[in-house]
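> As input, take my_file.txt (compact mmCIF, C-alpha atoms and all ligand atoms):
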```txt
# COMPACT_ATOMS: atom_id res chain seq x y z
CA MET A 1306 23.00 -20.01 12.89
CA ASN A 1307 19.69 -18.21 12.46
CA ARG A 1308 18.76 -16.10 9.47
CA ARG A 1309 19.63 -12.79 11.13
CA ASP A 1310 23.06 -14.03 12.15
CA LEU A 1311 23.51 -15.38 8.67
CA LEU A 1312 22.75 -12.02 7.06
CA GLY A 1313 24.89 -10.19 9.59
CA SER A 1314 27.90 -12.39 9.13
CA ALA A 1315 27.39 -12.62 5.39
CA VAL A 1316 29.25 -9.35 4.87
CA ALA A 1317 32.42 -11.11 5.95
CA LEU A 1318 32.07 -13.83 3.36
CA SER A 1319 33.59 -13.76 -0.09
CA ALA A 1320 31.48 -12.41 -2.92
CA ALA A 1321 31.34 -15.86 -4.48
CA THR A 1322 29.76 -17.44 -1.41
CA MET A 1323 26.04 -18.06 -1.62
CA SER A 1324 23.86 -19.55 1.08
CA ARG A 1325 20.54 -21.25 0.52
CA VAL A 1326 18.07 -20.52 3.28
CA SER A 1327 14.85 -22.43 3.71
CA THR A 1328 12.02 -19.99 4.41
CA GLY A 1329 9.34 -22.55 5.08
CA ARG A 1330 7.91 -21.60 1.68
CA THR A 1331 10.12 -21.28 -1.36
CA ALA A 1332 13.84 -21.61 -0.64
CA ARG A 1333 15.62 -18.32 -1.28
CA LYS A 1334 19.14 -17.78 -2.46
CA ILE A 1335 20.77 -15.17 -0.25
CA ALA A 1336 23.94 -13.54 -1.54
CA PRO A 1337 26.21 -11.78 0.94
CA ALA A 1338 25.42 -8.08 1.36
CA ALA A 1339 28.88 -6.87 0.38
CA SER A 1340 28.73 -8.61 -3.00
CA ALA A 1341 25.74 -6.58 -4.08
CA GLY A 1342 27.55 -3.27 -4.16
CA GLY A 1343 30.46 -1.70 -2.27
CA ALA A 1344 31.39 -1.75 1.39
CA ALA A 1345 28.81 -2.80 3.94
CA SER A 1346 28.40 -1.61 7.52
CA SER A 1347 29.77 -4.04 10.10
CA ALA A 1348 26.65 -3.74 12.32
CA ALA A 1349 23.95 -6.26 11.44
CA PRO A 1350 20.61 -4.73 10.50
CA ILE A 1351 17.69 -5.40 12.84
CA SER A 1352 15.47 -8.03 11.22
CA ARG A 1353 11.90 -9.19 11.78
CA ARG A 1354 10.20 -12.49 11.07
CA ILE A 1355 7.38 -12.82 8.57
CA PRO A 1356 4.83 -14.63 10.78
CA SER A 1357 3.44 -16.92 8.07
CA SER A 1358 6.85 -18.40 7.17
CA GLY A 1359 9.44 -17.46 9.80
CA GLU A 1360 11.63 -15.86 7.10
CA GLU A 1361 13.51 -12.82 8.42
CA ILE A 1362 13.82 -9.50 6.62
CA PRO A 1363 15.67 -6.34 7.66
CA VAL A 1364 13.31 -3.80 9.26
CA ILE A 1365 14.28 -0.98 6.87
CA GLY A 1366 13.28 -1.39 3.22
CA LEU A 1367 12.78 1.01 0.32
CA GLY A 1368 9.77 2.56 -1.42
CA THR A 1369 9.79 3.64 -5.06
CA SER A 1370 6.78 5.95 -5.49
CA ARG A 1371 7.96 9.10 -7.34
CA THR A 1372 11.63 8.51 -6.44
CA PHE A 1373 12.05 5.72 -9.04
CA GLU A 1374 9.56 7.13 -11.55
CA VAL A 1375 12.20 8.39 -13.98
CA GLY A 1376 13.26 8.03 -17.60
CA VAL A 1377 16.26 6.45 -19.26
CA THR A 1378 18.96 9.15 -19.17
CA ALA A 1379 22.15 8.58 -17.19
CA ALA A 1380 21.35 11.70 -15.13
CA GLU A 1381 18.10 10.04 -14.02
CA ARG A 1382 19.38 6.48 -13.67
CA GLU A 1383 22.76 6.94 -11.92
CA PRO A 1384 21.40 8.33 -8.61
CA ARG A 1385 18.93 5.40 -8.43
CA ARG A 1386 21.70 2.90 -9.20
CA ALA A 1387 23.77 4.44 -6.38
CA VAL A 1388 20.78 4.19 -4.00
CA LEU A 1389 20.37 0.49 -4.83
CA GLU A 1390 24.09 -0.19 -4.38
CA ALA A 1391 24.07 1.48 -0.97
CA PHE A 1392 20.84 -0.32 -0.05
CA PHE A 1393 22.21 -3.81 -0.67
CA ALA A 1394 25.68 -2.96 0.66
CA GLY A 1395 23.93 -1.94 3.87
CA GLY A 1396 22.33 -5.38 4.19
CA ALA A 1397 18.78 -4.32 3.27
CA ARG A 1398 16.45 -6.42 1.09
CA LEU A 1399 12.80 -5.39 0.72
CA ILE A 1400 11.83 -2.99 -2.09
CA ASP A 1401 8.19 -1.98 -2.61
CA THR A 1402 6.87 -0.88 -6.00
CA SER A 1403 3.66 -0.92 -8.04
CA PRO A 1404 2.37 -0.73 -11.60
CA MET A 1405 0.73 2.50 -10.36
CA TYR A 1406 4.20 4.12 -10.14
CA SER A 1407 4.61 4.78 -13.89
CA THR A 1408 8.18 3.68 -14.81
CA ALA A 1409 9.30 2.49 -11.35
CA GLU A 1410 9.01 -1.27 -11.99
CA ARG A 1411 10.91 -0.96 -15.28
CA VAL A 1412 13.64 1.23 -13.75
CA LEU A 1413 14.06 -1.19 -10.85
CA GLY A 1414 14.16 -4.24 -13.14
CA GLU A 1415 16.80 -2.64 -15.33
CA LEU A 1416 19.00 -1.44 -12.46
CA LEU A 1417 19.00 -4.60 -10.31
CA THR A 1418 22.13 -6.66 -10.97
CA PRO A 1419 22.03 -10.48 -10.66
CA GLU A 1420 23.82 -10.16 -7.27
CA MET A 1421 21.17 -7.68 -6.08
CA HIS A 1422 18.41 -9.96 -7.37
CA ALA A 1423 19.82 -12.81 -5.29
CA ARG A 1424 19.32 -10.77 -2.11
CA ALA A 1425 16.28 -8.69 -3.02
CA PHE A 1426 12.82 -9.23 -1.58
CA LEU A 1427 10.66 -7.67 -4.31
CA ALA A 1428 7.16 -6.51 -3.41
CA THR A 1429 4.83 -5.17 -6.07
CA LYS A 1430 1.07 -4.75 -6.36
CA VAL A 1431 -1.91 -5.43 -8.56
CA TRP A 1432 -3.94 -2.30 -9.28
CA THR A 1433 -6.72 -2.94 -11.76
CA ARG A 1434 -10.24 -4.35 -12.09
CA GLY A 1435 -11.11 -7.79 -13.47
CA ALA A 1436 -9.38 -11.16 -13.25
CA ARG A 1437 -7.95 -11.06 -16.75
CA ALA A 1438 -6.57 -7.52 -16.40
CA GLY A 1439 -5.06 -8.52 -13.04
CA ILE A 1440 -3.29 -11.55 -14.50
CA GLU A 1441 -1.97 -9.46 -17.41
CA GLN A 1442 -0.72 -6.76 -15.07
CA MET A 1443 1.02 -9.18 -12.69
CA THR A 1444 2.61 -11.03 -15.62
CA HIS A 1445 3.89 -7.69 -16.92
CA SER A 1446 5.31 -6.88 -13.47
CA GLU A 1447 7.22 -10.20 -13.47
CA GLN A 1448 8.69 -9.25 -16.85
CA LEU A 1449 9.56 -5.67 -15.89
CA LEU A 1450 11.08 -6.69 -12.56
CA ARG A 1451 12.75 -9.76 -14.12
CA ALA A 1452 11.68 -11.84 -11.14
CA LYS A 1453 9.73 -15.08 -11.14
CA PRO A 1454 8.41 -15.85 -8.64
CA LEU A 1455 7.92 -12.38 -7.21
CA ASP A 1456 8.29 -12.34 -3.44
CA LEU A 1457 5.10 -10.42 -2.62
CA ILE A 1458 2.12 -9.14 -4.59
CA GLN A 1459 -0.33 -6.87 -2.77
CA VAL A 1460 -3.81 -5.72 -3.79
CA HIS A 1461 -3.13 -1.98 -4.15
CA ASN A 1462 -5.58 0.13 -2.14
CA LEU A 1463 -7.88 -2.95 -1.99
CA LEU A 1464 -9.00 -2.33 -5.60
CA ASP A 1465 -11.24 -5.19 -6.80
CA LEU A 1466 -10.09 -7.09 -3.72
CA ASP A 1467 -12.03 -10.36 -3.99
CA THR A 1468 -11.20 -10.90 -7.67
CA GLN A 1469 -7.49 -10.12 -7.34
CA LEU A 1470 -7.12 -12.08 -4.09
CA ALA A 1471 -8.67 -15.15 -5.73
CA THR A 1472 -6.04 -15.03 -8.50
CA LEU A 1473 -3.26 -14.38 -6.00
CA ARG A 1474 -4.26 -17.44 -3.99
CA GLU A 1475 -4.05 -19.56 -7.16
CA TRP A 1476 -0.65 -18.09 -7.98
CA GLN A 1477 0.59 -18.68 -4.43
CA ALA A 1478 -0.62 -22.30 -4.47
CA ALA A 1479 1.18 -22.79 -7.80
CA GLY A 1480 4.41 -21.22 -6.46
CA ARG A 1481 4.17 -18.22 -8.78
CA VAL A 1482 4.26 -15.72 -5.90
CA ARG A 1483 5.69 -16.33 -2.43
CA TYR A 1484 3.50 -14.04 -0.34
CA VAL A 1485 0.16 -12.28 -0.74
CA GLY A 1486 -0.97 -8.98 0.80
CA VAL A 1487 -3.12 -5.86 0.70
CA THR A 1488 -2.33 -2.14 1.01
CA HIS A 1489 -3.82 1.23 1.82
CA TYR A 1490 -2.22 4.57 2.56
CA THR A 1491 -4.73 6.61 4.57
CA VAL A 1492 -6.25 6.45 8.05
CA GLY A 1493 -9.64 6.40 6.28
CA GLY A 1494 -8.68 3.10 4.64
CA GLN A 1495 -7.69 1.36 7.87
CA ALA A 1496 -11.19 0.13 8.79
CA ASP A 1497 -11.30 -1.70 5.44
CA LEU A 1498 -7.82 -3.13 6.07
CA GLU A 1499 -9.02 -4.33 9.50
CA ARG A 1500 -11.93 -6.19 7.89
CA VAL A 1501 -9.57 -7.89 5.42
CA VAL A 1502 -7.02 -8.82 8.08
CA SER A 1503 -9.81 -10.29 10.26
CA ARG A 1504 -11.50 -12.20 7.45
CA GLU A 1505 -8.84 -13.32 4.98
CA ARG A 1506 -5.75 -15.49 5.17
CA ILE A 1507 -3.03 -13.08 3.98
CA ASP A 1508 0.70 -12.83 4.65
CA PHE A 1509 1.17 -9.03 4.62
CA VAL A 1510 -0.78 -5.85 5.28
CA GLN A 1511 0.71 -2.50 4.21
CA LEU A 1512 -0.51 0.61 6.09
CA ASN A 1513 0.44 4.18 6.93
CA TYR A 1514 1.97 4.79 10.34
CA SER A 1515 4.30 7.43 11.80
CA PRO A 1516 4.86 9.25 15.11
CA VAL A 1517 2.45 11.95 13.90
CA THR A 1518 -0.19 9.58 12.44
CA ARG A 1519 -0.67 6.89 15.08
CA ALA A 1520 -4.21 5.70 14.25
CA ALA A 1521 -2.96 2.19 13.35
CA GLU A 1522 -1.90 1.65 16.97
CA ARG A 1523 -5.54 1.51 18.09
CA ARG A 1524 -6.71 -1.61 16.25
CA LEU A 1525 -4.90 -2.47 13.04
CA LEU A 1526 -1.39 -3.09 14.38
CA PRO A 1527 -2.57 -5.23 17.35
CA LEU A 1528 -4.93 -7.11 15.02
CA ALA A 1529 -2.13 -7.85 12.54
CA ALA A 1530 0.03 -9.18 15.37
CA GLU A 1531 -2.83 -11.33 16.70
CA ARG A 1532 -3.61 -12.73 13.23
CA GLY A 1533 0.05 -13.42 12.38
CA VAL A 1534 0.13 -10.95 9.48
CA ALA A 1535 3.37 -9.16 8.59
CA VAL A 1536 3.19 -5.35 8.49
CA LEU A 1537 4.80 -3.07 5.91
CA VAL A 1538 4.72 0.62 6.88
CA ASN A 1539 4.30 3.18 4.10
CA ARG A 1540 4.53 6.99 4.30
CA PRO A 1541 6.80 6.90 7.40
CA PHE A 1542 7.80 10.50 6.64
CA GLU A 1543 4.27 11.58 5.70
CA ASP A 1544 5.42 11.74 2.10
CA GLY A 1545 8.26 14.08 3.16
CA GLY A 1546 5.84 16.44 4.95
CA VAL A 1547 7.24 15.64 8.37
CA PHE A 1548 10.54 17.29 7.46
CA VAL A 1549 8.74 20.54 6.67
CA ARG A 1550 7.07 20.36 10.07
CA ILE A 1551 10.35 19.96 11.98
CA ARG A 1552 12.54 22.28 9.92
CA GLY A 1553 14.92 24.11 12.27
CA LYS A 1554 13.92 22.07 15.34
CA PRO A 1555 16.95 20.77 17.26
CA LEU A 1556 17.14 17.03 17.90
CA PRO A 1557 15.96 16.12 21.41
CA ALA A 1558 18.57 14.89 23.89
CA LEU A 1559 17.31 11.30 23.75
CA ALA A 1560 18.54 11.05 20.14
CA ALA A 1561 22.09 10.67 21.46
CA ASP A 1562 20.94 7.94 23.90
CA LEU A 1563 19.51 6.02 20.94
CA GLY A 1564 22.50 6.65 18.68
CA ALA A 1565 20.21 8.55 16.28
CA ALA A 1566 21.94 11.28 14.29
CA SER A 1567 18.86 12.78 12.59
CA TRP A 1568 15.11 13.31 12.86
CA GLY A 1569 14.70 10.73 10.09
CA GLN A 1570 16.45 8.10 12.22
CA LEU A 1571 14.37 8.97 15.28
CA ILE A 1572 11.14 8.65 13.28
CA LEU A 1573 12.12 5.29 11.79
CA LYS A 1574 13.29 4.01 15.19
CA PHE A 1575 9.92 5.02 16.67
CA ILE A 1576 8.10 3.00 13.99
CA ALA A 1577 10.48 0.01 14.10
CA ALA A 1578 10.06 -0.26 17.86
CA HIS A 1579 6.38 -1.20 17.47
CA PRO A 1580 6.40 -5.01 17.85
CA ALA A 1581 3.84 -5.57 15.05
CA VAL A 1582 6.00 -3.80 12.44
CA THR A 1583 7.91 -6.06 10.06
CA CYS A 1584 9.46 -3.61 7.59
CA ILE A 1585 9.30 0.16 6.90
CA ILE A 1586 9.60 1.36 3.29
CA PRO A 1587 10.80 4.99 3.16
CA ALA A 1588 11.29 6.27 -0.39
CA THR A 1589 14.40 8.19 -1.38
CA ALA A 1590 16.44 9.05 -4.45
CA SER A 1591 19.37 10.22 -2.31
CA VAL A 1592 22.25 8.01 -1.11
CA GLU A 1593 22.70 10.30 1.88
CA HIS A 1594 19.07 9.85 2.93
CA LEU A 1595 19.20 6.11 2.18
CA GLU A 1596 22.20 5.70 4.50
CA ASP A 1597 20.45 7.82 7.12
CA ASN A 1598 17.42 5.53 6.87
CA LEU A 1599 19.46 2.32 7.06
CA ALA A 1600 21.27 3.62 10.15
CA ALA A 1601 17.89 3.72 11.94
CA GLY A 1602 17.66 -0.05 11.53
CA ARG A 1603 20.80 -0.73 13.57
CA GLY A 1604 21.56 -0.40 17.26
CA ARG A 1605 19.03 0.26 19.98
CA LEU A 1606 15.31 0.94 19.51
CA PRO A 1607 13.33 3.19 21.87
CA ASP A 1608 11.35 1.78 24.79
CA ALA A 1609 7.74 2.84 25.48
CA ARG A 1610 8.75 6.00 27.38
CA GLU A 1611 11.24 7.04 24.73
CA ARG A 1612 8.66 6.47 21.97
CA GLU A 1613 6.28 8.88 23.69
CA ALA A 1614 9.12 11.41 24.04
CA ILE A 1615 9.85 11.17 20.28
CA ALA A 1616 6.17 11.72 19.41
CA ALA A 1617 5.98 14.67 21.83
CA ALA A 1618 9.15 16.23 20.42
CA LEU A 1619 7.63 16.15 16.93
CA GLY A 1620 4.74 18.20 18.31
N1 LIG B 1 -1.32 2.62 -1.39
C1 LIG B 1 -0.08 2.17 -1.30
O1 LIG B 1 0.15 0.98 -1.45
C2 LIG B 1 1.02 3.12 -0.98
C3 LIG B 1 0.74 4.47 -0.77
C4 LIG B 1 1.81 5.31 -0.40
C5 LIG B 1 3.11 4.81 -0.34
N2 LIG B 1 3.34 3.48 -0.61
C6 LIG B 1 4.72 2.95 -0.57
O2 LIG B 1 5.40 3.50 0.55
C7 LIG B 1 6.58 4.16 0.11
C8 LIG B 1 6.92 5.31 1.07
O3 LIG B 1 5.90 6.28 1.11
P1 LIG B 1 6.04 7.70 0.36
O4 LIG B 1 6.95 7.56 -0.82
O5 LIG B 1 4.65 8.17 0.12
O6 LIG B 1 6.64 8.70 1.41
P2 LIG B 1 7.77 8.72 2.56
O7 LIG B 1 8.68 7.55 2.46
O8 LIG B 1 7.03 9.00 3.83
O9 LIG B 1 8.57 10.06 2.20
C9 LIG B 1 9.38 10.13 1.08
C10 LIG B 1 10.02 11.52 1.06
O10 LIG B 1 10.91 11.65 2.16
C11 LIG B 1 12.19 12.10 1.72
N3 LIG B 1 13.20 11.39 2.53
C12 LIG B 1 13.43 10.05 2.59
N4 LIG B 1 14.38 9.76 3.48
C13 LIG B 1 14.77 10.94 4.02
C14 LIG B 1 15.72 11.30 5.01
N5 LIG B 1 16.46 10.37 5.66
N6 LIG B 1 15.87 12.63 5.32
C15 LIG B 1 15.12 13.57 4.69
N7 LIG B 1 14.22 13.29 3.73
C16 LIG B 1 14.03 11.99 3.41
C17 LIG B 1 12.27 11.74 0.27
O11 LIG B 1 13.02 12.70 -0.46
P3 LIG B 1 14.50 12.36 -1.07
O12 LIG B 1 14.28 11.60 -2.33
O13 LIG B 1 15.08 13.72 -1.24
O14 LIG B 1 15.21 11.56 -0.02
C18 LIG B 1 10.81 11.80 -0.18
O15 LIG B 1 10.47 13.12 -0.59
C19 LIG B 1 6.24 4.57 -1.32
O16 LIG B 1 7.38 4.94 -2.06
C20 LIG B 1 5.53 3.33 -1.81
O17 LIG B 1 6.48 2.31 -2.14
C21 LIG B 1 2.32 2.64 -0.91
```
The structure in this file should be written as structure tokens.


Amino acid sequence: MNRRDLLGSAVALSAATMSRVSTGRTARKIAPAASAGGAASSAAPISRRIPSSGEEIPVIGLGTSRTFEVGVTAAEREPRRAVLEAFFAGGARLIDTSPMYSTAERVLGELLTPEMHARAFLATKVWTRGARAGIEQMTHSEQLLRAKPLDLIQVHNLLDLDTQLATLREWQAAGRVRYVGVTHYTVGGQADLERVVSRERIDFVQLNYSPVTRAAERRLLPLAAERGVAVLVNRPFEDGGVFVRIRGKPLPALAADLGAASWGQLILKFIAAHPAVTCIIPATASVEHLEDNLAAGRGRLPDAREREAIAAALG
């Protein structure tokens, strides 16, 4: 049984059942989805392989910028707890955060239950200058997220790239982090990402891509595929701006063909259908939106003609 089948069928297993899956790097303990919080959907999420290891992760993940940057009150924490419960119950795994996002790492670390931890693929970043400051920041992230080793640490916006990458390579060799990557969030940053992907041996590149910002299709996405680098997609909804753009627009007819019930699902299906994309990380503090986003990662994805129709419909 491959990893995707394993995750799909895991919902049928008892909560006590745990499976150990060899990833080609560090073995990961994968708890069944249903044990991490409530009822899970019966349809298996679409998964993608991380090229450097062969490990599979569901194509829809979760971002935490702003949405998890909250305080300690129950009114702030409960909606985020509910989002995490729905996320794991839906079979998802990858959560992206950063020390740049004020309280997000702490909030995440405090809300993740041991069962969620067993399934989670936790991605954070290093965002500082200097080797010593980088080590201190990454050590603090391990403590806040209560995860050692962390699954992925990325050099945030390529800040002090060579220094931080050198430390990350040492950590990876020592088994202190499973995967290493880099991020940026603008089209202007993509030429720099291309240089890093061409030159360096990294596991992940995180970039911005959506049906209305398709610059990454020209060089960066094909390059990542060619170099065997996994792709995380940030800002899939243009930081929420895409919903302002399409307010009041009816869904095109092809949405029904794809089993997509919302513009959000159509947008995520467009992105997920690009073969270089490994995981998309939309941010939300709403269970309704989270479930909408997870639904995009099940069922059929658009073909080339349908992708163009989605982009055209967004205008
Ligand atoms: N340099 C970097 O490394 C970098 C830069 C940018 C982003 N990122 C990562 O990428 C993640 C995603 O990017 P982002 O947070 O900038 O923006 P985004 O995911 O494009 O958009 C988030 C916004 O969309 C709304 N939303 C989410 N799902 C929705 C749905 N189904 N229907 C309607 N509205 C929906 C959210 O509001 P609700 O809360 O109301 O759902 C939120 O306002 C970040 O959280 C972060 O983890 C990394």

> Which is closer to ligand LIG 1 (chain B) than all the others in A:His1579, A:Arg1398, A:His1489, A:Arg1552, using only C-alpha atoms and all ligand atoms?

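Closest to ligand LIG 1 (chain B), using only C-alpha atoms and all ligand atoms: A:His1489.
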
> I'd like the interatomic distance between CA of Ile1585 in chain A and CA of Gly1359 in chain A, to a tenth of an Å.

17.9 Å

> For Val1547 in chain A, which residue among A:Leu1619, A:Glu1613, A:Arg1523, A:Asn1513 is the nearest when counting all atoms listed in the file?

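Counting all atoms listed in the file, the residue closest to Val1547 in chain A is A:Leu1619.
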
> Let me see if you get this right: every residue at most 9 Å from ligand LIG 1 (chain B), counting only C-alpha atoms and all ligand atoms, written as a ChimeraX atom specification.

/A:1367-1373,1400-1403,1406,1428-1430,1459-1463,1487-1491,1511-1513,1515,1537-1548,1567-1570,1585-1599

> Which residues, written as a ChimeraX atom specification, have at least one atom at most 9 Å from range 1442-1451 of chain A, with all atoms listed in the file counted and residues fewer than 4 positions away on the same chain left out?

/A:1403-1404,1410-1415,1417,1422,1427,1429-1433,1437-1438,1455,1458

> Please return as a list in words every residue within 7 Å of (18.8, -9.5, -2.2), taking into account all atoms listed in the file and the file's own coordinates.

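Answer for this query, in the requested form: Ile1335, Ala1336, Phe1393, Arg1398, Met1421, His1422, Ala1423, Arg1424, Ala1425 and Phe1426 of chain A.
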
> Put those residues in a file: C-alpha atoms, as a PDB file, keeping the file's coordinate frame.


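Contents of the output file out03.pdb:
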```pdb
ATOM      1  CA  ILE A1335      20.770 -15.170  -0.250  1.00  0.00           C
ATOM      2  CA  ALA A1336      23.940 -13.540  -1.540  1.00  0.00           C
ATOM      3  CA  PHE A1393      22.210  -3.810  -0.670  1.00  0.00           C
ATOM      4  CA  ARG A1398      16.450  -6.420   1.090  1.00  0.00           C
ATOM      5  CA  MET A1421      21.170  -7.680  -6.080  1.00  0.00           C
ATOM      6  CA  HIS A1422      18.410  -9.960  -7.370  1.00  0.00           C
ATOM      7  CA  ALA A1423      19.820 -12.810  -5.290  1.00  0.00           C
ATOM      8  CA  ARG A1424      19.320 -10.770  -2.110  1.00  0.00           C
ATOM      9  CA  ALA A1425      16.280  -8.690  -3.020  1.00  0.00           C
ATOM     10  CA  PHE A1426      12.820  -9.230  -1.580  1.00  0.00           C
TER      11      PHE A1426
END
```

> Work out how far CA of Pro1350 in chain A is from CA of Gly1395 in chain A, in Å to one decimal.

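Result for CA of Gly1395 in chain A versus CA of Pro1350 in chain A: 7.9 Å, one decimal.
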
> Which of these, A:Val1549, A:Glu1499, A:Ala1391, A:Arg1612, has the shortest distance to Leu1573 in chain A once you count all atoms listed in the file?

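The closest residue to Leu1573 in chain A is A:Arg1612.
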
> Which is closest to Arg1483 in chain A among A:Thr1583, A:Thr1378, A:Ser1357, A:Thr1518, if we use only C-alpha atoms?

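Looking only at the distances to Arg1483 in chain A, the closest residue turns out to be A:Ser1357.
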
> Go through A:Arg1386, A:Arg1353, A:Arg1519, A:Arg1506 and flag the residue nearest Tyr1484 in chain A, using all atoms listed in the file for the distances.

A:Arg1506

> For Pro1516 in chain A, work out the shell of residues within 8 Å, counting all atoms listed in the file and skipping chain neighbours fewer than 6 positions away, then give it as a ChimeraX atom specification.

/A:1572,1575-1576,1615-1616,1619

> Which distance in Å separates CA of Ala1529 in chain A and CA of Ser1503 in chain A, to one decimal?

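Separation of CA of Ala1529 in chain A and CA of Ser1503 in chain A: 8.4 Å.
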
> Taking into account all atoms listed in the file, which residue in the set A:Leu1526, A:Ala1520, A:Leu1399, A:Val1492 is nearest to Val1364 in chain A?

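Answer, going by the shortest atom-to-atom distance: A:Leu1399.
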
> Can you list, as a PyMOL selection string, every protein, DNA or RNA residue that comes within 9 Å of Thr1408 in chain A when you count all atoms listed in the file, leaving out same-chain residues fewer than 6 positions away?

chain A and resi 1373-1376
